file start.cif (mmCIF, C-alpha atoms)
data_work
loop_
_atom_site.label_atom_id
_atom_site.label_comp_id
_atom_site.auth_asym_id
_atom_site.auth_seq_id
_atom_site.Cartn_x
_atom_site.Cartn_y
_atom_site.Cartn_z
CA MET N 1 -7.54 12.18 -48.51
CA GLN N 2 -6.34 9.06 -50.33
CA LEU N 3 -9.85 8.48 -51.75
CA THR N 4 -10.02 12.11 -52.94
CA LYS N 5 -6.72 11.71 -54.76
CA ILE N 6 -7.92 8.53 -56.53
CA SER N 7 -11.20 10.20 -57.52
CA ASN N 8 -9.36 13.15 -59.05
CA LEU N 9 -7.08 10.80 -60.97
CA GLY N 10 -10.14 9.13 -62.46
CA ARG N 11 -11.21 12.43 -63.94
CA MET N 12 -7.78 13.03 -65.53
CA GLY N 13 -8.29 10.32 -68.09
CA ALA N 14 -6.60 7.00 -68.69
CA ALA N 15 -3.20 8.44 -69.63
CA ALA N 16 -2.85 10.53 -66.50
CA ALA N 17 -4.10 7.68 -64.33
CA ALA N 18 -1.52 5.35 -65.80
CA LEU N 19 1.18 7.96 -65.21
CA PHE N 20 0.36 8.35 -61.49
CA ALA N 21 -0.60 4.71 -60.77
CA PRO N 22 2.87 3.72 -59.46
CA VAL N 23 2.88 6.70 -57.08
CA VAL N 24 -0.57 5.81 -55.73
CA ALA N 25 0.37 2.16 -55.31
CA PHE N 26 3.55 3.11 -53.44
CA ALA N 27 1.63 5.45 -51.15
CA GLN N 28 -0.94 2.77 -50.37
CA THR N 29 1.78 0.20 -49.68
CA ALA N 30 3.72 2.57 -47.42
CA ALA N 31 0.61 3.58 -45.51
CA ALA N 32 -0.58 0.01 -44.83
CA PRO N 33 1.95 -0.90 -42.09
CA ALA N 34 1.36 2.41 -40.31
CA ALA N 35 -2.40 1.86 -40.41
CA GLU N 36 -1.99 -1.70 -39.11
CA ALA N 37 0.28 -0.49 -36.31
CA ALA N 38 -2.20 2.20 -35.36
CA ALA N 39 -5.03 -0.33 -35.32
CA ALA N 40 -2.97 -2.79 -33.26
CA ALA N 41 -1.85 -0.31 -30.58
CA PRO N 42 -4.39 -0.34 -27.71
CA VAL N 43 -5.77 3.01 -26.66
CA PRO N 44 -6.63 3.77 -23.02
CA ASP N 45 -10.34 3.90 -22.31
CA LYS N 46 -11.41 7.24 -20.83
CA GLY N 47 -13.62 5.47 -18.31
CA ASP N 48 -10.73 3.34 -17.01
CA THR N 49 -8.52 6.43 -16.86
CA ALA N 50 -11.10 8.41 -14.88
CA PHE N 51 -11.64 5.43 -12.56
CA MET N 52 -7.93 5.14 -11.81
CA PHE N 53 -7.67 8.90 -11.29
CA LEU N 54 -10.40 8.69 -8.65
CA CYS N 55 -8.82 5.65 -6.99
CA THR N 56 -5.46 7.42 -6.82
CA LEU N 57 -7.03 10.39 -5.04
CA LEU N 58 -8.82 8.05 -2.63
CA VAL N 59 -5.54 6.37 -1.65
CA PHE N 60 -3.98 9.81 -1.16
CA PHE N 61 -6.96 10.63 1.08
CA MET N 62 -5.98 7.63 3.21
CA ILE N 63 -2.67 9.36 3.94
CA MET N 64 -3.77 12.97 4.12
CA PRO N 65 -5.59 13.21 6.42
CA GLY N 66 -6.78 9.61 7.08
CA ILE N 67 -3.88 7.81 8.72
CA ALA N 68 -2.56 11.06 10.21
CA LEU N 69 -5.80 11.65 12.14
CA PHE N 70 -6.16 7.96 13.01
CA TYR N 71 -2.71 7.80 14.59
CA GLY N 72 -2.91 11.34 15.94
CA GLY N 73 -6.00 10.54 17.98
CA LEU N 74 -4.32 7.48 19.48
CA VAL N 75 -1.38 9.38 21.01
CA ARG N 76 -1.36 11.86 23.90
CA SER N 77 -2.35 15.43 23.08
CA LYS N 78 1.22 16.72 23.54
CA ASN N 79 2.34 14.53 20.62
CA MET N 80 -0.57 15.02 18.23
CA LEU N 81 1.15 17.55 16.00
CA SER N 82 4.36 15.49 15.84
CA VAL N 83 2.43 12.56 14.36
CA LEU N 84 0.74 14.84 11.82
CA MET N 85 4.14 16.23 10.84
CA GLN N 86 5.76 12.82 10.48
CA CYS N 87 2.92 11.55 8.29
CA THR N 88 2.93 14.68 6.14
CA VAL N 89 6.66 15.02 5.56
CA ILE N 90 7.39 11.31 5.13
CA ALA N 91 4.64 10.92 2.54
CA SER N 92 5.84 14.00 0.65
CA ALA N 93 9.48 12.91 0.69
CA VAL N 94 8.60 9.43 -0.56
CA MET N 95 6.59 10.91 -3.43
CA LEU N 96 9.73 12.70 -4.58
CA VAL N 97 12.02 9.69 -4.38
CA TRP N 98 9.35 7.62 -6.13
CA VAL N 99 9.49 9.73 -9.29
CA ILE N 100 13.28 10.10 -9.09
CA TYR N 101 14.13 6.41 -8.79
CA GLY N 102 11.46 4.43 -6.92
CA TYR N 103 9.17 3.82 -9.89
CA SER N 104 12.11 2.56 -11.89
CA PHE N 105 13.37 0.32 -9.06
CA ALA N 106 9.91 -1.26 -8.77
CA PHE N 107 8.54 -1.20 -12.33
CA GLY N 108 11.45 -0.16 -14.54
CA GLY N 109 11.15 -3.10 -16.92
CA GLY N 110 14.40 -4.77 -15.89
CA THR N 111 14.68 -8.54 -16.03
CA SER N 112 15.98 -8.98 -12.49
CA ALA N 113 13.80 -10.91 -10.05
CA PHE N 114 14.65 -8.44 -7.28
CA TRP N 115 14.49 -4.93 -8.76
CA GLY N 116 13.29 -3.11 -11.84
CA GLY N 117 16.52 -1.43 -12.88
CA THR N 118 17.29 2.19 -13.73
CA ALA N 119 15.65 2.61 -17.15
CA LYS N 120 12.81 4.80 -15.82
CA MET N 121 14.72 6.93 -13.34
CA PHE N 122 13.49 10.54 -13.36
CA LEU N 123 10.45 9.14 -15.22
CA SER N 124 12.50 8.61 -18.35
CA GLY N 125 10.22 7.41 -21.15
CA VAL N 126 7.04 8.06 -19.19
CA THR N 127 5.01 10.40 -21.39
CA ILE N 128 1.40 11.29 -22.11
CA GLU N 129 1.48 8.65 -24.87
CA SER N 130 3.07 5.78 -22.91
CA THR N 131 0.74 3.18 -21.43
CA ALA N 132 0.71 0.46 -18.80
CA SER N 133 -1.00 -2.89 -19.25
CA THR N 134 -3.87 -4.06 -17.07
CA PHE N 135 -4.94 -7.64 -16.33
CA SER N 136 -7.02 -7.86 -19.53
CA ASP N 137 -5.41 -8.54 -22.88
CA GLY N 138 -5.34 -5.41 -25.05
CA VAL N 139 -6.50 -3.10 -22.25
CA VAL N 140 -4.16 -0.32 -21.14
CA ILE N 141 -4.20 2.82 -19.01
CA PRO N 142 -1.95 5.89 -19.28
CA GLU N 143 1.39 5.16 -17.64
CA PHE N 144 1.20 8.45 -15.76
CA ILE N 145 -1.85 7.32 -13.78
CA PHE N 146 -0.37 3.88 -13.11
CA MET N 147 2.79 5.55 -11.84
CA LEU N 148 0.80 7.89 -9.60
CA PHE N 149 -1.44 5.13 -8.25
CA GLN N 150 1.60 3.08 -7.24
CA MET N 151 3.19 6.24 -5.82
CA THR N 152 0.36 6.58 -3.31
CA PHE N 153 0.98 2.99 -2.17
CA ALA N 154 4.68 3.74 -1.75
CA ALA N 155 3.91 6.90 0.24
CA LEU N 156 1.30 5.25 2.47
CA THR N 157 3.28 2.17 3.50
CA PRO N 158 6.13 3.85 5.45
CA VAL N 159 3.60 6.22 7.04
CA LEU N 160 1.93 3.15 8.55
CA ILE N 161 5.18 2.39 10.40
CA VAL N 162 5.03 5.74 12.22
CA GLY N 163 2.35 4.48 14.60
CA ALA N 164 4.67 1.88 16.13
CA PHE N 165 7.33 4.25 17.47
CA ALA N 166 5.23 7.38 17.91
CA GLU N 167 5.84 9.72 20.86
CA ARG N 168 9.58 9.07 21.31
CA ILE N 169 11.45 9.00 17.97
CA LYS N 170 13.39 11.93 16.54
CA PHE N 171 11.69 13.62 13.61
CA SER N 172 14.89 13.43 11.53
CA ALA N 173 15.28 9.74 12.38
CA ALA N 174 11.72 8.93 11.33
CA VAL N 175 12.11 10.67 7.97
CA LEU N 176 15.58 9.26 7.24
CA PHE N 177 14.60 5.72 8.19
CA CYS N 178 11.50 5.78 6.00
CA LEU N 179 13.43 7.06 2.98
CA LEU N 180 16.05 4.35 3.38
CA TRP N 181 13.38 1.75 4.08
CA VAL N 182 11.37 2.39 0.93
CA THR N 183 14.59 2.29 -1.10
CA PHE N 184 15.96 -0.99 0.20
CA VAL N 185 12.84 -2.79 1.40
CA TYR N 186 9.60 -1.50 -0.15
CA PHE N 187 10.70 -0.96 -3.75
CA PRO N 188 12.34 -4.41 -4.10
CA ILE N 189 9.39 -6.23 -2.51
CA ALA N 190 6.91 -4.31 -4.69
CA HIS N 191 8.92 -5.46 -7.70
CA MET N 192 9.12 -9.05 -6.48
CA VAL N 193 5.37 -9.28 -5.87
CA TRP N 194 3.76 -7.12 -8.56
CA ASP N 195 6.16 -6.92 -11.51
CA ALA N 196 5.92 -9.62 -14.17
CA ASN N 197 9.64 -10.31 -13.77
CA GLY N 198 9.51 -10.38 -9.97
CA LEU N 199 10.55 -13.41 -7.94
CA ILE N 200 7.31 -13.86 -5.99
CA PHE N 201 5.13 -12.95 -8.98
CA GLY N 202 6.87 -15.70 -10.91
CA TRP N 203 5.94 -18.21 -8.22
CA GLY N 204 2.28 -17.41 -8.79
CA ALA N 205 1.65 -15.87 -5.36
CA LEU N 206 -1.64 -13.98 -5.01
CA ASP N 207 -1.55 -10.47 -3.57
CA PHE N 208 -4.25 -8.34 -5.11
CA ALA N 209 -3.57 -5.06 -3.31
CA GLY N 210 -0.70 -5.45 -0.86
CA GLY N 211 -0.99 -8.00 1.94
CA THR N 212 2.73 -8.69 1.72
CA VAL N 213 3.96 -5.50 0.07
CA VAL N 214 2.12 -3.10 2.37
CA HIS N 215 0.84 -4.68 5.57
CA ILE N 216 3.26 -7.46 6.52
CA ASN N 217 6.05 -5.18 5.36
CA ALA N 218 4.96 -2.17 7.45
CA GLY N 219 3.80 -4.24 10.42
CA LEU N 220 7.12 -6.05 10.81
CA ALA N 221 9.15 -2.86 10.32
CA GLY N 222 6.97 -1.23 12.96
CA LEU N 223 7.55 -4.05 15.45
CA ILE N 224 11.31 -3.89 14.95
CA GLY N 225 11.21 -0.11 15.33
CA ALA N 226 9.16 -0.28 18.53
CA ILE N 227 11.75 -2.65 20.02
CA MET N 228 14.87 -0.85 18.77
CA VAL N 229 13.69 2.67 19.61
CA GLY N 230 12.59 1.42 23.00
CA LYS N 231 9.56 1.91 25.22
CA ARG N 232 8.09 5.30 25.96
CA THR N 233 9.22 6.84 29.22
CA GLY N 234 6.71 5.82 31.86
CA PHE N 235 5.28 2.98 29.75
CA GLY N 236 3.25 0.71 31.99
CA LYS N 237 3.13 3.33 34.76
CA ASP N 238 1.84 6.60 33.33
CA MET N 239 -1.57 7.08 31.72
CA MET N 240 -1.06 6.80 27.95
CA ALA N 241 -4.64 6.49 26.74
CA PRO N 242 -5.61 7.94 23.33
CA HIS N 243 -6.33 11.64 23.69
CA SER N 244 -9.14 11.75 21.10
CA MET N 245 -11.12 8.70 20.04
CA THR N 246 -13.28 11.12 18.09
CA LEU N 247 -10.39 11.98 15.76
CA THR N 248 -9.39 8.32 15.62
CA LEU N 249 -12.87 7.39 14.40
CA VAL N 250 -12.81 10.21 11.85
CA GLY N 251 -9.42 9.00 10.62
CA SER N 252 -10.49 5.35 10.47
CA ALA N 253 -13.65 6.29 8.55
CA MET N 254 -11.47 8.14 6.05
CA LEU N 255 -9.29 5.06 5.79
CA TRP N 256 -12.29 2.84 5.05
CA LEU N 257 -13.46 5.26 2.36
CA GLY N 258 -9.99 5.56 0.84
CA TRP N 259 -9.51 1.81 0.95
CA PHE N 260 -12.08 1.42 -1.84
CA GLY N 261 -9.59 3.19 -4.08
CA PHE N 262 -6.78 1.08 -2.62
CA ASN N 263 -8.51 -2.25 -3.34
CA ALA N 264 -10.74 -1.54 -6.34
CA GLY N 265 -8.00 0.49 -8.04
CA SER N 266 -5.66 -2.47 -7.86
CA ASN N 267 -7.83 -4.03 -10.57
CA LEU N 268 -6.42 -1.26 -12.84
CA GLU N 269 -9.65 -0.98 -14.84
CA ALA N 270 -13.33 -0.28 -14.18
CA SER N 271 -14.61 -3.82 -14.63
CA GLY N 272 -16.31 -6.57 -12.65
CA GLY N 273 -13.08 -7.30 -10.82
CA ALA N 274 -13.08 -3.80 -9.36
CA MET N 275 -16.68 -4.21 -8.27
CA LEU N 276 -15.86 -7.53 -6.58
CA ALA N 277 -13.05 -5.78 -4.69
CA THR N 278 -15.52 -3.06 -3.66
CA VAL N 279 -18.06 -5.57 -2.36
CA ASN N 280 -15.40 -7.45 -0.42
CA THR N 281 -14.03 -4.25 1.08
CA PHE N 282 -17.48 -3.46 2.47
CA LEU N 283 -18.24 -6.95 3.78
CA ALA N 284 -14.93 -8.04 5.31
CA THR N 285 -14.60 -4.74 7.15
CA ALA N 286 -18.14 -4.79 8.50
CA ALA N 287 -17.68 -8.39 9.65
CA ALA N 288 -14.41 -7.53 11.41
CA VAL N 289 -15.98 -4.57 13.26
CA VAL N 290 -18.78 -6.79 14.57
CA SER N 291 -16.37 -9.63 15.36
CA TRP N 292 -13.99 -7.46 17.42
CA SER N 293 -16.92 -5.98 19.34
CA VAL N 294 -18.24 -9.46 20.15
CA VAL N 295 -14.80 -10.66 21.28
CA GLU N 296 -14.43 -7.63 23.56
CA THR N 297 -17.89 -8.16 25.00
CA PHE N 298 -17.00 -11.71 26.02
CA THR N 299 -13.47 -10.96 27.25
CA ARG N 300 -13.86 -7.51 28.83
CA GLY N 301 -17.60 -7.26 29.39
CA LYS N 302 -17.82 -4.14 27.22
CA ALA N 303 -17.35 -3.36 23.56
CA SER N 304 -15.20 -0.26 23.01
CA LEU N 305 -14.94 2.23 20.16
CA LEU N 306 -11.18 1.63 20.13
CA GLY N 307 -11.94 -2.05 19.58
CA ALA N 308 -14.46 -1.31 16.83
CA VAL N 309 -12.03 0.86 14.86
CA SER N 310 -9.26 -1.67 15.43
CA GLY N 311 -11.55 -4.29 13.93
CA MET N 312 -12.30 -1.94 11.06
CA ILE N 313 -8.62 -1.64 10.17
CA ALA N 314 -8.04 -5.37 10.73
CA GLY N 315 -10.81 -6.24 8.29
CA LEU N 316 -9.44 -3.84 5.68
CA VAL N 317 -5.96 -5.28 6.11
CA ALA N 318 -7.11 -8.90 5.88
CA ILE N 319 -9.15 -8.47 2.71
CA THR N 320 -6.52 -6.40 0.89
CA PRO N 321 -4.62 -9.33 -0.70
CA ALA N 322 -7.88 -11.15 -1.50
CA ALA N 323 -10.06 -8.19 -2.48
CA GLY N 324 -10.49 -9.12 -6.15
CA ILE N 325 -9.89 -12.84 -5.60
CA ALA N 326 -12.15 -14.15 -2.80
CA GLY N 327 -15.93 -14.27 -3.08
CA PRO N 328 -18.25 -12.13 -0.92
CA MET N 329 -19.01 -14.95 1.54
CA GLY N 330 -15.30 -15.70 1.80
CA ALA N 331 -14.69 -12.02 2.56
CA ILE N 332 -17.17 -12.16 5.43
CA ILE N 333 -15.48 -15.23 6.89
CA MET N 334 -12.07 -13.56 6.62
CA GLY N 335 -13.43 -10.51 8.42
CA LEU N 336 -14.95 -12.60 11.19
CA LEU N 337 -11.71 -14.55 11.71
CA VAL N 338 -9.15 -11.73 11.56
CA SER N 339 -10.44 -9.78 14.56
CA PRO N 340 -9.91 -12.54 17.17
CA ILE N 341 -6.42 -13.09 15.76
CA CYS N 342 -5.46 -9.42 15.93
CA TYR N 343 -7.12 -9.03 19.33
CA PHE N 344 -4.94 -11.87 20.61
CA PHE N 345 -1.79 -10.18 19.33
CA VAL N 346 -2.80 -6.79 20.74
CA SER N 347 -3.98 -7.92 24.17
CA VAL N 348 -1.94 -11.09 24.84
CA ILE N 349 1.23 -11.26 22.73
CA LYS N 350 2.06 -7.56 23.15
CA ASN N 351 1.68 -7.78 26.95
CA LYS N 352 3.55 -11.07 27.20
CA PHE N 353 6.63 -9.77 25.39
CA GLY N 354 6.34 -6.22 26.70
CA TYR N 355 7.14 -4.27 23.53
CA ASP N 356 5.67 -0.79 23.15
CA ASP N 357 3.86 -0.67 19.81
CA THR N 358 2.07 2.66 20.30
CA ALA N 359 -0.73 2.24 17.75
CA ASP N 360 -0.58 -1.57 17.45
CA VAL N 361 0.89 -1.47 13.97
CA PHE N 362 2.22 -5.01 14.25
CA GLY N 363 -0.82 -6.36 16.08
CA VAL N 364 -3.22 -5.14 13.39
CA HIS N 365 -1.25 -4.65 10.16
CA GLY N 366 1.37 -7.33 10.73
CA ALA N 367 -0.85 -10.06 12.15
CA GLY N 368 -3.82 -9.11 9.96
CA GLY N 369 -1.64 -8.96 6.86
CA LEU N 370 -0.13 -12.35 7.66
CA PHE N 371 -3.57 -13.91 8.07
CA GLY N 372 -4.89 -12.24 4.92
CA ALA N 373 -1.95 -13.31 2.76
CA LEU N 374 -2.30 -16.94 3.81
CA ALA N 375 -6.11 -16.99 3.76
CA THR N 376 -6.09 -15.64 0.20
CA GLY N 377 -4.62 -18.95 -0.93
CA ILE N 378 -7.63 -20.73 0.53
CA PHE N 379 -10.52 -18.41 -0.27
CA ALA N 380 -9.39 -18.00 -3.89
CA SER N 381 -10.88 -21.46 -4.44
CA SER N 382 -13.91 -21.46 -6.75
CA SER N 383 -15.51 -24.02 -4.41
CA LEU N 384 -15.52 -21.30 -1.73
CA GLY N 385 -16.81 -18.61 -4.09
CA GLY N 386 -13.44 -17.24 -5.23
CA ILE N 387 -12.25 -16.68 -8.78
CA GLY N 388 -10.35 -20.00 -8.82
CA TYR N 389 -6.73 -21.01 -9.26
CA ALA N 390 -4.51 -21.14 -12.32
CA GLU N 391 -4.76 -24.32 -14.33
CA GLY N 392 -3.20 -27.25 -12.51
CA VAL N 393 -2.89 -25.42 -9.18
CA THR N 394 -4.51 -26.94 -6.09
CA MET N 395 -5.55 -25.27 -2.86
CA GLY N 396 -2.65 -26.91 -1.03
CA GLY N 397 -0.19 -25.83 -3.70
CA GLN N 398 -1.44 -22.23 -3.70
CA PHE N 399 -1.36 -22.10 0.09
CA MET N 400 2.28 -23.17 0.13
CA THR N 401 3.10 -20.53 -2.48
CA GLN N 402 1.52 -17.96 -0.19
CA VAL N 403 3.63 -19.27 2.70
CA TRP N 404 6.84 -18.84 0.70
CA ALA N 405 5.80 -15.31 -0.33
CA VAL N 406 5.26 -14.43 3.33
CA VAL N 407 8.59 -15.98 4.36
CA VAL N 408 10.54 -14.01 1.76
CA THR N 409 8.77 -10.78 2.77
CA ILE N 410 9.51 -11.37 6.46
CA LEU N 411 13.17 -12.17 5.87
CA TRP N 412 13.78 -9.28 3.45
CA CYS N 413 11.92 -6.75 5.57
CA GLY N 414 13.18 -8.05 8.91
CA ILE N 415 16.86 -8.14 8.04
CA GLY N 416 16.72 -4.91 6.05
CA SER N 417 14.82 -3.02 8.75
CA ILE N 418 17.23 -4.03 11.53
CA ILE N 419 20.20 -2.86 9.48
CA LEU N 420 18.52 0.43 8.53
CA TYR N 421 17.48 1.27 12.09
CA LYS N 422 21.11 0.72 13.13
CA VAL N 423 22.36 2.96 10.32
CA VAL N 424 19.94 5.74 11.25
CA ASP N 425 20.89 5.43 14.92
CA LEU N 426 24.55 5.91 13.99
CA ILE N 427 23.84 8.91 11.76
CA VAL N 428 21.27 10.97 13.71
CA GLY N 429 20.24 8.83 16.69
CA LEU N 430 16.79 7.27 17.03
CA ARG N 431 15.48 8.62 20.30
CA VAL N 432 14.67 12.06 21.64
CA PRO N 433 16.03 13.02 25.09
CA VAL N 434 13.87 12.11 28.07
CA GLU N 435 13.22 15.80 28.77
CA ALA N 436 11.85 16.32 25.27
CA GLU N 437 9.68 13.23 25.57
CA ARG N 438 8.20 14.42 28.85
CA GLU N 439 7.55 17.88 27.43
CA GLY N 440 5.95 16.42 24.34
CA LEU N 441 7.29 16.26 20.80
CA ASP N 442 4.93 18.96 19.56
CA LEU N 443 6.86 21.66 21.39
CA ALA N 444 10.24 19.94 21.73
CA ALA N 445 10.60 18.94 18.06
CA HIS N 446 8.43 21.46 16.23
CA GLY N 447 7.99 24.48 18.50
CA GLU N 448 4.22 24.52 18.23
CA SER N 449 1.21 22.76 19.70
CA ALA N 450 -1.78 21.03 18.21
CA TYR N 451 -4.03 22.57 20.86
CA HIS N 452 -4.09 25.85 22.79
CA SER N 453 -5.85 26.23 26.12
#
call {"tool": "encode", "arguments": {"input": "start.cif", "output": "structure tokens"}}
result
Amino acid sequence: MQLTKISNLGRMGAAAAALFAPVVAFAQTAAAPAAEAAAAAPVPDKGDTAFMFLCTLLVFFMIMPGIALFYGGLVRSKNMLSVLMQCTVIASAVMLVWVIYGYSFAFGGGTSAFWGGTAKMFLSGVTIESTASTFSDGVVIPEFIFMLFQMTFAALTPVLIVGAFAERIKFSAAVLFCLLWVTFVYFPIAHMVWDANGLIFGWGALDFAGGTVVHINAGLAGLIGAIMVGKRTGFGKDMMAPHSMTLTLVGSAMLWLGWFGFNAGSNLEASGGAMLATVNTFLATAAAVVSWSVVETFTRGKASLLGAVSGMIAGLVAITPAAGIAGPMGAIIMGLLVSPICYFFVSVIKNKFGYDDTADVFGVHGAGGLFGALATGIFASSSLGGIGYAEGVTMGGQFMTQVWAVVVTILWCGIGSIILYKVVDLIVGLRVPVEAEREGLDLAAHGESAYHS
């Protein structure tokens, strides 16, 4: 339109052109900054946006129905529906608190090392035009999809805890604890690890997709819950075998599928880094399945499906913090090593201390997450096929940074979880009556049954 105006002025003759010249010059001068600003503002790529949309749905698929079926198959049939209900309602409730204040507490743009502030409560300022930065200079994605992707992480993590105290906790206690836990434990740790102003981020700790934020966090909270809620009635005496390994396999397969969104999506753009995370998610998991089966063959004489799916989850947990950081061969080694470690925690440590972790949340997520977080500091080395360290950082230095990140996560989660379990116990009580536990939580807590004879 500016060129059309200048062309018309040329046809008016010299006098008219001279008359309007100041106006044209002013218009050109005023338009220049706006044009420069428009050129400078990065625009989200539609491919990256579509990629993140898919990854967000895959992580949601991990929750509904992935983890629900995985845990549901591991409990007795009379408690199947109660697990499905806890997973469904907790995830839904956390989604609501995430958009009300959780996103702001984690990624609100505040300068605190421990929380993001209140600037984005109720999604204030998050619009269809606002964007979030990725790991590449000048590359952005719509803030809505970044917010939703992180929301699925926030919803999944407390659901993981459910497996530790399944079959004996009150429904109200499970929901209340998880809402308090994400508020005072998950949101601050997510900020510390993943926000540019966060304490652990500032140290240079590596956690690509949630070794500390998700797995150590949930695993430790699950262990504390299993101890504080107490053992199931008849634990060690009654038969408490999983009622459906078929459903557990279906759920674990859904988790493996969804985990590609979990890990690859943490790259925040459809680039080589996302493909590296995809490769590693395949290889580490496959190696861990084989490794657990081999360990069981030597220790028990038989390889079990329960062991294979436990190895599957252990491999996924271990590679999570290193998914876009370690090389493919490093991922295989991590998968091979994590299964014996988790097997030791599940079969030796659990029995030695006698705690009742129903679905081995601590033995797999806690121990596997701890190994993965520390191993990331080693397998990030370019000499081992990883992407390498920041300038001036050595393997020993990075490993110690990983140790400090783990220590802070354990202390924050451990102390916070103990306090919150106590608070919930005072408000609604943690445990169902013995009669309700014997009847089964499906009928006692929800008045319906997962199965009908």
call {"tool": "residues_around", "arguments": {"input": "start.cif", "residues": "Ala68 of chain N", "least_positions_apart": "6", "cutoff": "8 Å", "atoms": "only C-alpha atoms", "output": "list in words"}}
result
Val83, Leu84, Cys87, Thr88 and Gly251 of chain N
call {"tool": "closest_atom_pairs", "arguments": {"input": "start.cif", "of": "segment 132-194 of chain N", "to": "segment 199-219 of chain N", "cutoff": "8 Å", "atoms": "only C-alpha atoms", "output": "Markdown table"}}
result
| residue | atom | partner | partner_atom | distance |
| --- | --- | --- | --- | --- |
| N:Phe153 | CA | N:Val214 | CA | 7.7 |
| N:Thr157 | CA | N:Val214 | CA | 5.5 |
| N:Pro158 | CA | N:Ala218 | CA | 6.5 |
| N:Leu160 | CA | N:Ala218 | CA | 6.2 |
| N:Ile161 | CA | N:Ala218 | CA | 5.4 |
| N:Tyr186 | CA | N:Val213 | CA | 6.9 |
| N:Ile189 | CA | N:Val213 | CA | 6.1 |
| N:Ala190 | CA | N:Val213 | CA | 5.7 |
| N:Met192 | CA | N:Leu199 | CA | 4.8 |
| N:Val193 | CA | N:Phe201 | CA | 4.8 |
| N:Trp194 | CA | N:Phe201 | CA | 6.0 |
call {"tool": "atom_distance", "arguments": {"input": "start.cif", "atom1": "atom CA of Ala359 of chain N", "atom2": "atom CA of Gly72 of chain N"}}
result
9.5 Å
call {"tool": "residues_around", "arguments": {"input": "start.cif", "residues": "Gly163 of chain N", "least_positions_apart": "5", "cutoff": "8 Å", "atoms": "only C-alpha atoms", "output": "PDB file with C-alpha atoms, in the frame of the given file"}}
result
ATOM      1  CA  TYR N  71      -2.710   7.800  14.590  1.00  0.00           C
ATOM      2  CA  GLY N 222       6.970  -1.230  12.960  1.00  0.00           C
ATOM      3  CA  ASP N 357       3.860  -0.670  19.810  1.00  0.00           C
ATOM      4  CA  THR N 358       2.070   2.660  20.300  1.00  0.00           C
ATOM      5  CA  ALA N 359      -0.730   2.240  17.750  1.00  0.00           C
ATOM      6  CA  ASP N 360      -0.580  -1.570  17.450  1.00  0.00           C
ATOM      7  CA  VAL N 361       0.890  -1.470  13.970  1.00  0.00           C
TER       8      VAL N 361
END
call {"tool": "closest_residue", "arguments": {"input": "start.cif", "among": "N:Val348, N:Ile227, N:Met245, N:Ile427", "to": "Ser172 of chain N", "atoms": "all atoms listed in the file"}}
result
N:Ile427
call {"tool": "resolve_selection", "arguments": {"input": "start.cif", "expression": "the PyMOL selection byres ((chain N and resi 309) around 9)", "output": "VMD selection string"}}
result
chain N and resid 248 to 249 252 to 253 289 292 304 to 308 310 to 314
call {"tool": "atom_distance", "arguments": {"input": "start.cif", "atom1": "atom CA of Met240 of chain N", "atom2": "atom CA of Val75 of chain N"}}
result
7.4 Å
call {"tool": "closest_residue", "arguments": {"input": "start.cif", "among": "N:Val185, N:Phe149, N:Gly272, N:Phe345", "to": "Leu411 of chain N", "atoms": "only C-alpha atoms"}}
result
N:Val185
call {"tool": "resolve_selection", "arguments": {"input": "start.cif", "expression": "the PyMOL selection byres ((chain N and resi 118-123) around 8)", "output": "ChimeraX atom specification"}}
result
/N:99-105,108-110,116-117,124-126
call {"tool": "closest_residue", "arguments": {"input": "start.cif", "among": "N:Thr134, N:Thr233, N:Ser381, N:Gln402", "to": "Asn267 of chain N", "atoms": "only C-alpha atoms"}}
result
N:Thr134
